[in-house]
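Trainee: Would you mind keeping the following structure in view while I ask a few things?
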Amino acid sequence: MTRKAAALISGGLDSLLAAKVIQQQGIHVEGINFFTGFCVEGHTHAIRKKDKAKPKRNNALWVAEQLGIKLHIIDIVEGYKDIVINPKHGYGANLNPCLDCKIFMVQKAHEWIQKKGFDFLITGEVIGQRPMSQRKETMPIISDESGADDLLLRPLCAKNLPPTKAEIEGWVNRDELHGLSGRSRKPQMALAKQFGFEDYAQPAGGCCFLTDENYSVKLQDLWANRGEKKYDLDDIMLLKVGRHIRPEKSYKIIIAREEGENRFLSGYKKQFQSIKTISHAGPLALIEGAELNDEQIQLACAIIARFSKGKNEDSIELTFSRAGGEPQTKHVKPLAAHEIPESWYLV
Amino acid sequence: MAEQSQTVEVDARRLLCPMPVIRLQDAISELTIGDMVKITCTDPGVKSDIPAWCNINKHSLLNIEDQQYEIIITVRKENDD
């Protein structure tokens with residue numbers, strides 16, 4: 001009887017190797033990839049023109065192609081909100097709830113294997129690889145709190161952990177698993193070479209925007225100024241785009257930095273107030289927050305004019321539109337750089 | 001007489017990868033073998049992601065129509081796995 005395992009596939013090297021190790025033992029492997037809304041992959045490539053030179057691919061799909069396995073991409077955006085807002089085990093250096101995230105994903109994957117009739121679950125975790133979620137002490141916490149218990153096998157560091165059901169039952173040979181530990185990537189690179197993988201995603205400090213300091217600052221600002229820790233998918237997408245300036249607690253300006261961002265933000269004009277420069281080339285900007293009064297519109301226009309080609313002119317023409325509304329023509333003198341306080345910029 | 005296959009249209013404009021792939025995956029799961037999905041997207045990433053998804057899940061990629069701002073992709077469901 002062929003046993004079946006589901007592999008959590010992030011698109012990185014470790015999950016690729018973990019799945020390969022188990023495949024080599026004759027196990028049928030299928031991949032699961034979770035979409036949280038905070039995944040770095042794809043989004044900035046899709047939005048920003050300057051990133052277009054880099055090859056565009058989804059690494060999880062690419063890994064599945066290399067392994068010849070099916071990949072199930074699962075949308076967990078709604079359920080994930082509680083993990084981001086109230087992480088039981090707290091945040092890392094930024095707003096990254098890495099341990100709660102891993103527990104949640106393993107829990108969801110465990111539910112999936114029960115529904116689909118798979119025998120066990122594998123991850124690419126390595127003891128000591130990540131300071132918050134991949135430590136010797138956190139491995140049993142993940143297994144216990146996810147409910148996966150001994151159905152969770154970590155092929156790359158299994159020899160450093162107690163045997164799981166797949167090993168005890170003889171579905172996999174423990175001797176052919178690995179005992180990796182620590183932050184060094186050299187053993188994984190050697191294993192990749194052994195398997196003939198020459199092209200794989202290079203680790204770049206995580207695959208999640210929540211590990212990014214600038215992004216976390218903008219998310220904290222959003223929560224602080226709304227007075228509640230909530231977000232929807234549009235909120236977290238817009239935090240990835242543009243220059244963010246908050247002149248007042250009640251509203252924030254999101255200014256496109258280049259053509260790709262202009263195009264992306266234009267898709268939100270029906271939902272947000274927007275400002276566009278007319279007399280000179282310049283950015284599209286969205287206003288996130290309360291409806292602006294006349295004085296605030298003038299100020300917002302003068303700020304946006306600062307980022308146009310007419311920044312040194314005495315007057316430039318822009319249009320201001322309410323959400324989905326008709327454009328109203330405005331004329332303003334662009335603010336000088338020193339007239340926009342540093343404290344208004346959200347890094 | 002065999003039932004005629006149907007084509008379902010999916011609007012994935014403004015969605016960034018992998019969301020268009022998730023929309024395609026969900027639409028395919030609701031259909032019977034031989035049915036088609038015509039998905040309209042704006043993220044150019046779908047030009048590599050959807051073919052990759054079709055390849056690993058053994059569905060047929062019938063057409064990619066790359067217009068100025070939109071990409072329209074047609075996929076035929078080939079299995080129930």
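Identifiers in this document derive from the order of the structure tokens: chains are assigned A, B, ..., residues are numbered from 1 separately in each chain, and ligands are numbered from 1 in order of occurrence.
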Write out as a tab-separated table the residues of chain B that have any atom within 6 Å of an atom of chain A, one row each with the nearest atom pair and its distance in Å to one decimal, counting only C-alpha atoms, sorted by chain and then rising number.

Mentor:
```
residue	atom	partner	partner_atom	distance
B:Leu16	CA	A:His43	CA	6.0
B:Cys17	CA	A:Gly42	CA	5.8
B:Asp43	CA	A:Ala46	CA	5.7
B:Ile56	CA	A:Lys70	CA	5.3
B:Asn57	CA	A:Lys70	CA	5.6
```

Trainee: Which residues in segment 27-245 of chain A does DSSP call strand (DSSP E or B)? List them as a PDB file with C-alpha atoms, in the first residue's frame.

Mentor:
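Contents of the output file result-v1.pdb:
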```pdb
ATOM      1  CA  HIS A  28       3.079   9.663  -2.636  1.00  0.00           C
ATOM      2  CA  VAL A  29       3.557  13.357  -1.854  1.00  0.00           C
ATOM      3  CA  GLU A  30       1.259  16.286  -2.628  1.00  0.00           C
ATOM      4  CA  GLY A  31       2.007  19.886  -1.714  1.00  0.00           C
ATOM      5  CA  ILE A  32       0.006  22.455   0.213  1.00  0.00           C
ATOM      6  CA  ASN A  33       0.773  26.155  -0.030  1.00  0.00           C
ATOM      7  CA  PHE A  34      -1.054  28.677   2.136  1.00  0.00           C
ATOM      8  CA  PHE A  35      -1.949  32.183   0.995  1.00  0.00           C
ATOM      9  CA  CYS A  39       3.219  36.621   1.092  1.00  0.00           C
ATOM     10  CA  LEU A  71       0.098  21.647  -5.329  1.00  0.00           C
ATOM     11  CA  HIS A  72      -3.005  22.787  -3.500  1.00  0.00           C
ATOM     12  CA  ILE A  73      -2.984  26.542  -2.869  1.00  0.00           C
ATOM     13  CA  ILE A  74      -5.248  27.338   0.057  1.00  0.00           C
ATOM     14  CA  ASP A  75      -6.620  30.784   0.876  1.00  0.00           C
ATOM     15  CA  PHE A 120       1.047  12.105   7.533  1.00  0.00           C
ATOM     16  CA  LEU A 121       2.365  15.592   7.140  1.00  0.00           C
ATOM     17  CA  ILE A 122       5.857  16.919   6.406  1.00  0.00           C
ATOM     18  CA  ILE A 127      16.080  22.952  14.356  1.00  0.00           C
ATOM     19  CA  ARG A 130      14.965  30.450  12.571  1.00  0.00           C
ATOM     20  CA  GLN A 134      12.405  26.757  14.439  1.00  0.00           C
ATOM     21  CA  LEU A 152       4.067  15.666  11.740  1.00  0.00           C
ATOM     22  CA  LEU A 153       7.434  14.556  10.361  1.00  0.00           C
ATOM     23  CA  SER A 181      20.472  21.764  12.808  1.00  0.00           C
ATOM     24  CA  ALA A 201      14.835  30.191  -4.298  1.00  0.00           C
ATOM     25  CA  CYS A 208       6.344  37.303   4.606  1.00  0.00           C
ATOM     26  CA  ARG A 243       4.797  56.350  -0.411  1.00  0.00           C
ATOM     27  CA  HIS A 244       2.599  56.734   2.672  1.00  0.00           C
ATOM     28  CA  ILE A 245       2.185  60.179   4.267  1.00  0.00           C
TER      29      ILE A 245
END
```

Trainee: Let me make sure I understand: among B:Ile72, B:Leu24, B:Val8, B:Leu15, which one has the smallest atom-to-atom distance to His59 of chain B if we use only C-alpha atoms?

Mentor: B:Leu24

Trainee: Show me, as a list in words, the residues that have an atom within 7 Å of segment 280-289 of chain A when counting only C-alpha atoms, minus same-chain residues fewer than 2 positions from it.

Mentor: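 Skipping anything fewer than 2 positions along the chain leaves Ser250, Tyr251, Lys252, Ile253, Ile254, Ile255, Ala256, Arg257, Asn262, Phe272, Gln273, Ser274, Ile275, Lys276, Thr277, Ile278, Glu291, Phe307, Ser308, Lys309 and Gly310 of chain A.
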
Trainee: How about saving the chosen residues, C-alpha atoms kept, as a PDB file, in the first residue's frame?

Mentor:
```pdb
ATOM      1  CA  SER A 250      -8.037  60.978  10.234  1.00  0.00           C
ATOM      2  CA  TYR A 251      -6.445  60.358   6.815  1.00  0.00           C
ATOM      3  CA  LYS A 252      -3.366  59.106   5.016  1.00  0.00           C
ATOM      4  CA  ILE A 253      -2.121  59.748   1.479  1.00  0.00           C
ATOM      5  CA  ILE A 254      -0.772  56.855  -0.601  1.00  0.00           C
ATOM      6  CA  ILE A 255       1.298  58.259  -3.474  1.00  0.00           C
ATOM      7  CA  ALA A 256       2.361  56.065  -6.395  1.00  0.00           C
ATOM      8  CA  ARG A 257       6.139  56.017  -6.983  1.00  0.00           C
ATOM      9  CA  ASN A 262      -0.103  54.315 -10.696  1.00  0.00           C
ATOM     10  CA  PHE A 272     -11.118  55.724  -2.273  1.00  0.00           C
ATOM     11  CA  GLN A 273     -10.836  59.465  -2.688  1.00  0.00           C
ATOM     12  CA  SER A 274      -8.096  60.133  -5.223  1.00  0.00           C
ATOM     13  CA  ILE A 275      -5.921  62.960  -6.511  1.00  0.00           C
ATOM     14  CA  LYS A 276      -4.130  63.133  -9.860  1.00  0.00           C
ATOM     15  CA  THR A 277      -1.813  65.792 -11.261  1.00  0.00           C
ATOM     16  CA  ILE A 278      -3.071  67.248 -14.567  1.00  0.00           C
ATOM     17  CA  GLU A 291     -13.749  62.300   3.720  1.00  0.00           C
ATOM     18  CA  PHE A 307       6.044  64.679  -6.139  1.00  0.00           C
ATOM     19  CA  SER A 308       5.172  65.889  -9.665  1.00  0.00           C
ATOM     20  CA  LYS A 309       7.322  67.344 -12.418  1.00  0.00           C
ATOM     21  CA  GLY A 310       5.847  70.747 -11.508  1.00  0.00           C
TER      22      GLY A 310
END
```

Trainee: Need the shell around Arg3 of chain A: protein/DNA/RNA residues with any atom at most 8 Å away, counting only C-alpha atoms. Skip same-chain ones fewer than 4 positions apart. Format as an mmCIF file with C-alpha atoms, in the first residue's frame?

Mentor:
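Saved as around_3.cif:
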```
data_model
loop_
_atom_site.group_PDB
_atom_site.id
_atom_site.type_symbol
_atom_site.label_atom_id
_atom_site.label_comp_id
_atom_site.auth_asym_id
_atom_site.auth_seq_id
_atom_site.Cartn_x
_atom_site.Cartn_y
_atom_site.Cartn_z
ATOM 1 C CA ILE A 27 5.718 7.864 -0.523
ATOM 2 C CA HIS A 28 3.079 9.663 -2.636
ATOM 3 C CA PHE A 118 -3.469 11.227 3.725
ATOM 4 C CA ASP A 119 -1.311 9.414 6.270
ATOM 5 C CA TRP A 171 6.198 3.891 6.414
#
```

Trainee: At what distance in Å, to one decimal, does atom CA of Phe104 of chain A lie from atom CA of Ser146 of chain A?

Mentor: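 Straight-line distance from atom CA of Ser146 of chain A to atom CA of Phe104 of chain A works out to 6.4 Å.
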